[in-house]
$ cat final.csv   # CSV, C-alpha atoms
chain,number,residue,atom,x,y,z
A,4,MET,CA,-53.6,-17.9,-47.2
A,5,VAL,CA,-50.3,-17.1,-49.0
A,6,ASN,CA,-50.1,-13.7,-50.5
A,7,ILE,CA,-47.0,-13.5,-52.8
A,8,ILE,CA,-46.2,-10.0,-54.0
A,9,GLY,CA,-45.1,-10.2,-57.7
A,10,GLY,CA,-46.8,-13.4,-58.9
A,11,ARG,CA,-47.7,-17.0,-58.0
A,12,ASN,CA,-44.7,-18.6,-59.8
A,13,ALA,CA,-42.1,-16.2,-58.3
A,14,ALA,CA,-41.1,-18.5,-55.4
A,15,LYS,CA,-40.3,-21.4,-57.8
A,16,LYS,CA,-38.2,-19.1,-60.0
A,17,ILE,CA,-36.3,-17.6,-57.1
A,18,ALA,CA,-35.4,-21.1,-55.8
A,19,GLN,CA,-33.7,-21.9,-59.1
A,20,ALA,CA,-31.2,-19.0,-58.6
A,21,ASP,CA,-28.5,-18.2,-56.0
A,22,SER,CA,-31.1,-17.7,-53.4
A,23,VAL,CA,-32.1,-17.7,-49.8
A,24,ALA,CA,-35.5,-17.8,-48.1
A,25,VAL,CA,-35.8,-15.8,-44.9
A,26,LEU,CA,-38.7,-16.7,-42.6
A,27,GLY,CA,-39.5,-13.8,-40.2
A,28,LEU,CA,-38.8,-10.2,-41.1
A,29,GLY,CA,-38.2,-8.6,-37.7
A,30,ARG,CA,-35.1,-6.5,-37.1
A,31,PHE,CA,-32.7,-9.5,-37.4
A,32,GLY,CA,-34.5,-11.1,-40.4
A,33,THR,CA,-34.8,-7.8,-42.3
A,34,SER,CA,-31.2,-6.8,-41.7
A,35,LEU,CA,-30.1,-10.2,-42.9
A,36,ALA,CA,-32.3,-10.2,-46.0
A,37,LEU,CA,-31.1,-6.8,-47.1
A,38,GLU,CA,-27.5,-7.6,-46.5
A,39,LEU,CA,-27.9,-10.8,-48.6
A,40,MET,CA,-29.5,-8.7,-51.4
A,41,SER,CA,-26.5,-6.4,-51.3
A,42,THR,CA,-24.1,-9.4,-51.9
A,43,GLY,CA,-26.0,-10.3,-55.0
A,44,ALA,CA,-28.2,-13.2,-53.7
A,45,SER,CA,-31.9,-13.5,-54.6
A,46,VAL,CA,-34.0,-13.3,-51.4
A,47,MET,CA,-37.5,-14.3,-50.7
A,48,GLY,CA,-38.7,-12.8,-47.4
A,49,ILE,CA,-41.7,-14.2,-45.6
A,50,ASP,CA,-43.6,-12.7,-42.7
A,51,SER,CA,-47.2,-12.7,-41.4
A,52,ASN,CA,-47.4,-9.0,-40.8
A,53,GLU,CA,-48.9,-7.1,-43.8
A,54,GLU,CA,-47.3,-3.8,-43.0
A,55,THR,CA,-43.8,-5.4,-42.8
A,56,VAL,CA,-44.3,-7.2,-46.1
A,57,GLN,CA,-45.5,-4.0,-47.8
A,58,SER,CA,-42.6,-2.0,-46.5
A,59,LEU,CA,-40.1,-4.4,-48.0
A,60,ASN,CA,-41.8,-4.6,-51.4
A,61,GLY,CA,-39.2,-3.7,-54.0
A,62,GLU,CA,-36.3,-4.1,-51.4
A,63,LEU,CA,-36.2,-7.9,-51.7
A,64,THR,CA,-36.5,-10.1,-54.8
A,65,GLN,CA,-39.8,-11.4,-53.4
A,66,VAL,CA,-41.9,-10.7,-50.3
A,67,VAL,CA,-44.6,-13.0,-49.0
A,68,LYS,CA,-47.3,-12.6,-46.4
A,69,ALA,CA,-47.8,-16.1,-44.9
A,70,ASP,CA,-48.1,-18.2,-41.8
A,71,VAL,CA,-44.9,-20.3,-41.8
A,72,ALA,CA,-46.1,-22.6,-39.0
A,73,LYS,CA,-48.4,-24.4,-41.6
A,74,LEU,CA,-46.8,-27.2,-43.6
A,75,GLU,CA,-49.0,-26.5,-46.6
A,76,THR,CA,-47.7,-22.9,-46.6
A,77,LEU,CA,-44.1,-24.0,-46.8
A,78,GLU,CA,-44.9,-26.4,-49.6
A,79,GLN,CA,-46.8,-23.7,-51.5
A,80,LEU,CA,-43.8,-21.5,-51.3
A,81,SER,CA,-41.6,-24.2,-52.8
A,82,LEU,CA,-39.2,-24.0,-49.9
A,83,ALA,CA,-38.0,-27.5,-50.5
A,84,ASP,CA,-36.4,-26.2,-53.7
A,85,PHE,CA,-34.2,-23.7,-51.8
A,86,ASP,CA,-30.7,-24.7,-50.9
A,87,ARG,CA,-30.7,-22.3,-47.9
A,88,VAL,CA,-33.5,-21.2,-45.6
A,89,VAL,CA,-33.1,-18.9,-42.6
A,90,VAL,CA,-35.7,-19.2,-39.8
A,91,ALA,CA,-35.4,-15.8,-38.1
A,92,ILE,CA,-38.5,-16.1,-35.8
A,93,GLY,CA,-36.4,-16.1,-32.7
A,94,SER,CA,-38.9,-14.6,-30.2
A,95,HIS,CA,-41.8,-16.9,-31.2
A,96,LEU,CA,-40.5,-20.2,-30.0
A,97,GLN,CA,-43.4,-22.4,-31.1
A,98,SER,CA,-43.5,-21.0,-34.7
A,99,SER,CA,-39.7,-21.3,-34.9
A,100,ILE,CA,-39.6,-24.9,-33.8
A,101,LEU,CA,-42.6,-25.9,-36.0
A,102,ALA,CA,-41.1,-24.2,-39.1
A,103,CYS,CA,-37.7,-25.8,-38.5
A,104,SER,CA,-39.2,-29.2,-38.0
A,105,LYS,CA,-41.3,-29.0,-41.2
A,106,LEU,CA,-38.3,-27.7,-43.2
A,107,LEU,CA,-36.2,-30.6,-42.1
A,108,LYS,CA,-39.0,-33.0,-43.0
A,109,MET,CA,-39.1,-31.4,-46.4
A,110,GLY,CA,-35.4,-32.1,-46.9
A,111,VAL,CA,-34.1,-28.5,-47.1
A,112,PRO,CA,-30.3,-29.1,-47.3
A,113,GLU,CA,-29.2,-26.1,-45.2
A,114,ILE,CA,-31.2,-24.5,-42.5
A,115,TRP,CA,-30.1,-21.6,-40.4
A,116,ALA,CA,-32.1,-20.7,-37.3
A,117,LYS,CA,-32.1,-17.8,-34.9
A,118,ALA,CA,-32.3,-18.9,-31.2
A,119,HIS,CA,-33.7,-16.7,-28.6
A,120,ASP,CA,-31.8,-18.3,-25.7
A,121,ASP,CA,-29.8,-21.5,-24.9
A,122,GLN,CA,-33.0,-23.6,-24.2
A,123,HIS,CA,-34.4,-22.6,-27.6
A,124,GLY,CA,-31.0,-23.4,-29.2
A,125,LEU,CA,-30.9,-26.8,-27.5
A,126,ILE,CA,-34.3,-27.7,-28.9
A,127,LEU,CA,-33.2,-26.6,-32.4
A,128,GLU,CA,-30.0,-28.6,-32.1
A,129,GLN,CA,-32.0,-31.7,-31.0
A,130,LEU,CA,-34.2,-31.3,-34.1
A,131,GLY,CA,-31.2,-31.4,-36.3
A,132,VAL,CA,-31.0,-27.8,-37.5
A,133,HIS,CA,-27.8,-27.4,-39.3
A,134,HIS,CA,-26.7,-23.9,-38.1
A,135,ILE,CA,-28.0,-22.1,-35.0
A,136,VAL,CA,-27.2,-18.4,-34.3
A,137,TYR,CA,-27.6,-16.4,-31.1
A,138,PRO,CA,-27.6,-12.7,-32.3
A,139,ASP,CA,-28.2,-11.1,-29.0
A,140,LYS,CA,-25.7,-13.2,-27.1
A,141,ASP,CA,-23.0,-12.9,-29.8
A,142,MET,CA,-23.5,-9.1,-30.0
A,143,GLY,CA,-23.3,-8.8,-26.3
A,144,ARG,CA,-19.9,-10.7,-26.2
A,145,ARG,CA,-18.7,-8.6,-29.1
A,146,VAL,CA,-19.6,-5.3,-27.5
A,147,ALA,CA,-18.0,-6.4,-24.2
A,148,HIS,CA,-14.7,-6.8,-25.9
A,149,LEU,CA,-15.0,-3.4,-27.7
A,150,VAL,CA,-15.9,-1.6,-24.4
A,151,ARG,CA,-12.8,-2.9,-22.7
A,152,GLY,CA,-10.2,-1.7,-25.2
A,153,SER,CA,-9.4,0.7,-28.0
A,154,MET,CA,-10.5,-1.7,-30.7
A,155,MET,CA,-12.6,-0.5,-33.6
A,156,ASP,CA,-14.2,-3.9,-34.3
A,157,TYR,CA,-14.0,-7.4,-32.9
A,158,VAL,CA,-15.0,-10.7,-34.4
A,159,GLU,CA,-14.7,-14.1,-32.7
A,160,VAL,CA,-13.7,-16.4,-35.5
A,161,GLU,CA,-14.1,-19.5,-33.3
A,162,ARG,CA,-14.4,-19.9,-29.6
A,163,GLY,CA,-11.1,-18.7,-28.2
A,164,TYR,CA,-9.7,-17.1,-31.4
A,165,ALA,CA,-10.5,-13.6,-32.6
A,166,MET,CA,-9.8,-10.9,-35.2
A,167,VAL,CA,-9.6,-7.3,-34.1
A,168,LYS,CA,-9.5,-4.1,-36.1
A,169,MET,CA,-7.7,-1.2,-34.4
A,170,THR,CA,-5.3,1.6,-35.0
A,171,VAL,CA,-1.6,1.0,-34.8
A,172,PRO,CA,-0.3,1.0,-31.2
A,173,LYS,CA,2.7,3.2,-30.4
A,174,VAL,CA,4.9,0.2,-29.8
A,175,LEU,CA,4.7,-0.7,-33.5
A,176,GLN,CA,4.7,2.7,-35.1
A,177,GLY,CA,7.7,3.1,-37.5
A,178,LEU,CA,8.9,-0.4,-36.9
A,179,ARG,CA,9.3,-3.2,-39.5
A,180,LEU,CA,6.9,-6.1,-38.5
A,181,GLY,CA,9.8,-8.5,-39.1
A,182,ASP,CA,11.8,-6.8,-36.4
A,183,SER,CA,8.9,-6.5,-33.9
A,184,ASN,CA,8.9,-10.1,-32.5
A,185,LEU,CA,5.1,-9.6,-32.4
A,186,ARG,CA,4.1,-13.3,-31.8
A,187,LYS,CA,6.8,-13.8,-29.2
A,188,HIS,CA,5.9,-10.7,-27.2
A,189,TYR,CA,2.1,-10.5,-27.7
A,190,GLY,CA,1.0,-13.8,-29.2
A,191,VAL,CA,-0.8,-12.2,-32.2
A,192,THR,CA,-0.3,-11.7,-36.0
A,193,ILE,CA,-1.0,-8.6,-38.0
A,194,ALA,CA,-2.7,-9.9,-41.2
A,195,ALA,CA,-3.4,-6.6,-43.0
A,196,HIS,CA,-3.3,-2.8,-42.8
A,197,ALA,CA,-5.0,0.2,-44.4
A,198,ASP,CA,-3.0,3.1,-45.6
A,199,ALA,CA,-3.9,6.8,-45.3
A,200,ASP,CA,-6.3,6.4,-48.3
A,201,GLY,CA,-8.1,3.6,-46.7
A,202,LYS,CA,-6.8,0.9,-49.1
A,203,TRP,CA,-6.3,-2.4,-47.4
A,204,GLN,CA,-3.4,-4.6,-48.2
A,205,ASN,CA,-1.7,-7.7,-46.8
A,206,ALA,CA,1.0,-7.2,-44.2
A,207,ASP,CA,4.4,-9.0,-44.3
A,208,ALA,CA,7.8,-8.8,-42.6
A,209,ALA,CA,8.8,-5.7,-44.5
A,210,THR,CA,5.6,-3.7,-43.6
A,211,VAL,CA,6.2,-0.5,-41.7
A,212,LEU,CA,3.2,0.7,-39.9
A,213,ARG,CA,2.5,4.4,-39.5
A,214,PRO,CA,0.6,6.3,-36.8
A,215,GLY,CA,-3.1,6.4,-37.4
A,216,GLU,CA,-3.2,3.4,-39.8
A,217,ARG,CA,-5.7,0.7,-39.2
A,218,ILE,CA,-4.7,-2.9,-38.8
A,219,LEU,CA,-6.3,-6.4,-38.6
A,220,VAL,CA,-4.9,-8.5,-35.8
A,221,LEU,CA,-5.4,-12.2,-35.4
A,222,GLY,CA,-4.8,-14.5,-32.4
A,223,PRO,CA,-6.1,-16.2,-29.3
A,224,THR,CA,-8.9,-14.1,-27.8
A,225,LYS,CA,-7.1,-13.3,-24.6
A,226,ASP,CA,-4.0,-12.1,-26.5
A,227,THR,CA,-5.9,-10.0,-29.1
A,228,GLU,CA,-7.9,-8.4,-26.3
A,229,ALA,CA,-4.7,-7.5,-24.4
A,230,PHE,CA,-3.1,-6.2,-27.6
A,231,GLY,CA,-6.2,-4.2,-28.4
A,232,GLN,CA,-5.8,-2.2,-25.1
A,233,LEU,CA,-2.3,-1.0,-26.0
A,234,PRO,CA,-2.2,2.9,-26.4
A,235,GLY,CA,-2.3,4.3,-29.9

$ encode --input "final.csv" --output "structure tokens"
Amino acid sequence: MVNIIGGRNAAKKIAQADSVAVLGLGRFGTSLALELMSTGASVMGIDSNEETVQSLNGELTQVVKADVAKLETLEQLSLADFDRVVVAIGSHLQSSILACSKLLKMGVPEIWAKAHDDQHGLILEQLGVHHIVYPDKDMGRRVAHLVRGSMMDYVEVERGYAMVKMTVPKVLQGLRLGDSNLRKHYGVTIAAHADADGKWQNADAATVLRPGERILVLGPTKDTEAFGQLPG
């Protein structure tokens, strides 16, 4: 049985907007759904747990209590009309695989799926899922880089290339970037900096960085990690 809070025709209406359906409202799915809402997207959240569904009533555009492992359920929810569906049922492998398989058969153009581990991800890849994410693994790698240095944040843009947020190291304080030979000495580029008021702006050759300012550093992972360990 599908229990849609807010009306039977709501799913169809949401699918016509800038919208995303999120299947599975655990920690990852809920965080993702709420963040999507904050960016202005319409979000239909789907979970089999009544308490979870009730707790998110009013937080998402639409909340649905349903068993997404059933094809008829997915069809009732008009998921074929959504451009983007996220399958966030990472810890329940069978449900995740069944849901992805049925969404692909329904012709959903863009499916994102959470993988619990490499084996789960391989199965999803073989099914033809368009985007596979590994939240636990990715977060572990991210925190590992933060632990090693003085970086405030770390994002791996692609394998082997990263962006780091950090405070200005002493070697650059009071120095014009154009005079720093940054790429030659460290292999990185400073793309932006935040002033004392917290306002971010692009950096160029004439930029002079002050103690305590935050900067965004781009470059190969090995180089950005080494640069991130420079004393501030």

$ atom_distance --input "final.csv" --atom1 "CA of Glu159 (chain A)" --atom2 "CA of Leu233 (chain A)"
19.2 Å

$ atom_distance --input "final.csv" --atom1 "CA of Val191 (chain A)" --atom2 "CA of Lys140 (chain A)"
25.4 Å

$ residues_around --input "final.csv" --residues "region 112-115 of chain A" --least-positions-apart "2" --cutoff "7 Å" --atoms "all atoms listed in the file" --output "JSON, numbers by chain"
{"A": [86, 87, 88, 89, 90, 110, 117, 132, 133, 134, 135]}

$ write_last_selection --input "final.csv" --atoms "C-alpha atoms" --output "PDB file, in the frame of the given file"
ATOM      1  CA  ASP A  86     -30.700 -24.700 -50.900  1.00  0.00           C
ATOM      2  CA  ARG A  87     -30.700 -22.300 -47.900  1.00  0.00           C
ATOM      3  CA  VAL A  88     -33.500 -21.200 -45.600  1.00  0.00           C
ATOM      4  CA  VAL A  89     -33.100 -18.900 -42.600  1.00  0.00           C
ATOM      5  CA  VAL A  90     -35.700 -19.200 -39.800  1.00  0.00           C
ATOM      6  CA  GLY A 110     -35.400 -32.100 -46.900  1.00  0.00           C
ATOM      7  CA  LYS A 117     -32.100 -17.800 -34.900  1.00  0.00           C
ATOM      8  CA  VAL A 132     -31.000 -27.800 -37.500  1.00  0.00           C
ATOM      9  CA  HIS A 133     -27.800 -27.400 -39.300  1.00  0.00           C
ATOM     10  CA  HIS A 134     -26.700 -23.900 -38.100  1.00  0.00           C
ATOM     11  CA  ILE A 135     -28.000 -22.100 -35.000  1.00  0.00           C
TER      12      ILE A 135
END

$ residues_around --input "final.csv" --residues "Ile49 (chain A)" --least-positions-apart "4" --cutoff "10 Å" --atoms "all atoms listed in the file" --output "VMD selection string"
chain A and resid 5 to 7 24 to 28 32 to 33 55 to 56 65 to 71 80 90 to 91

$ atom_distance --input "final.csv" --atom1 "CA of Val111 (chain A)" --atom2 "CA of Val158 (chain A)"
29.0 Å

$ residues_around --input "final.csv" --residues "Ala102 (chain A)" --least-positions-apart "4" --cutoff "7 Å" --atoms "all atoms listed in the file" --output "ChimeraX atom specification"
/A:71-72,98,106

$ write_last_selection --input "final.csv" --atoms "C-alpha atoms" --output "short mmCIF file (atom, residue, chain, number, x, y, z; two decimals), keeping the file's coordinate frame"
data_model
loop_
_atom_site.label_atom_id
_atom_site.label_comp_id
_atom_site.auth_asym_id
_atom_site.auth_seq_id
_atom_site.Cartn_x
_atom_site.Cartn_y
_atom_site.Cartn_z
CA VAL A 71 -44.90 -20.30 -41.80
CA ALA A 72 -46.10 -22.60 -39.00
CA SER A 98 -43.50 -21.00 -34.70
CA LEU A 106 -38.30 -27.70 -43.20
#

$ closest_residue --input "final.csv" --among "A:Glu228, A:Asp207, A:Asp120, A:Glu78" --to "Tyr157 (chain A)" --atoms "only C-alpha atoms"
A:Glu228

$ closest_residue --input "final.csv" --among "A:Lys202, A:Arg186, A:Lys168, A:Arg30" --to "Leu219 (chain A)" --atoms "all atoms listed in the file"
A:Lys168

$ closest_residue --input "final.csv" --among "A:Glu161, A:Glu62, A:Asp182, A:Asp226" --to "Ala208 (chain A)" --atoms "only C-alpha atoms"
A:Asp182

$ residues_near_point --input "final.csv" --point "(-1.0, -12.5, -41.8)" --cutoff "7 Å" --atoms "only C-alpha atoms" --output "PyMOL selection string"
chain A and resi 192-195+205-207
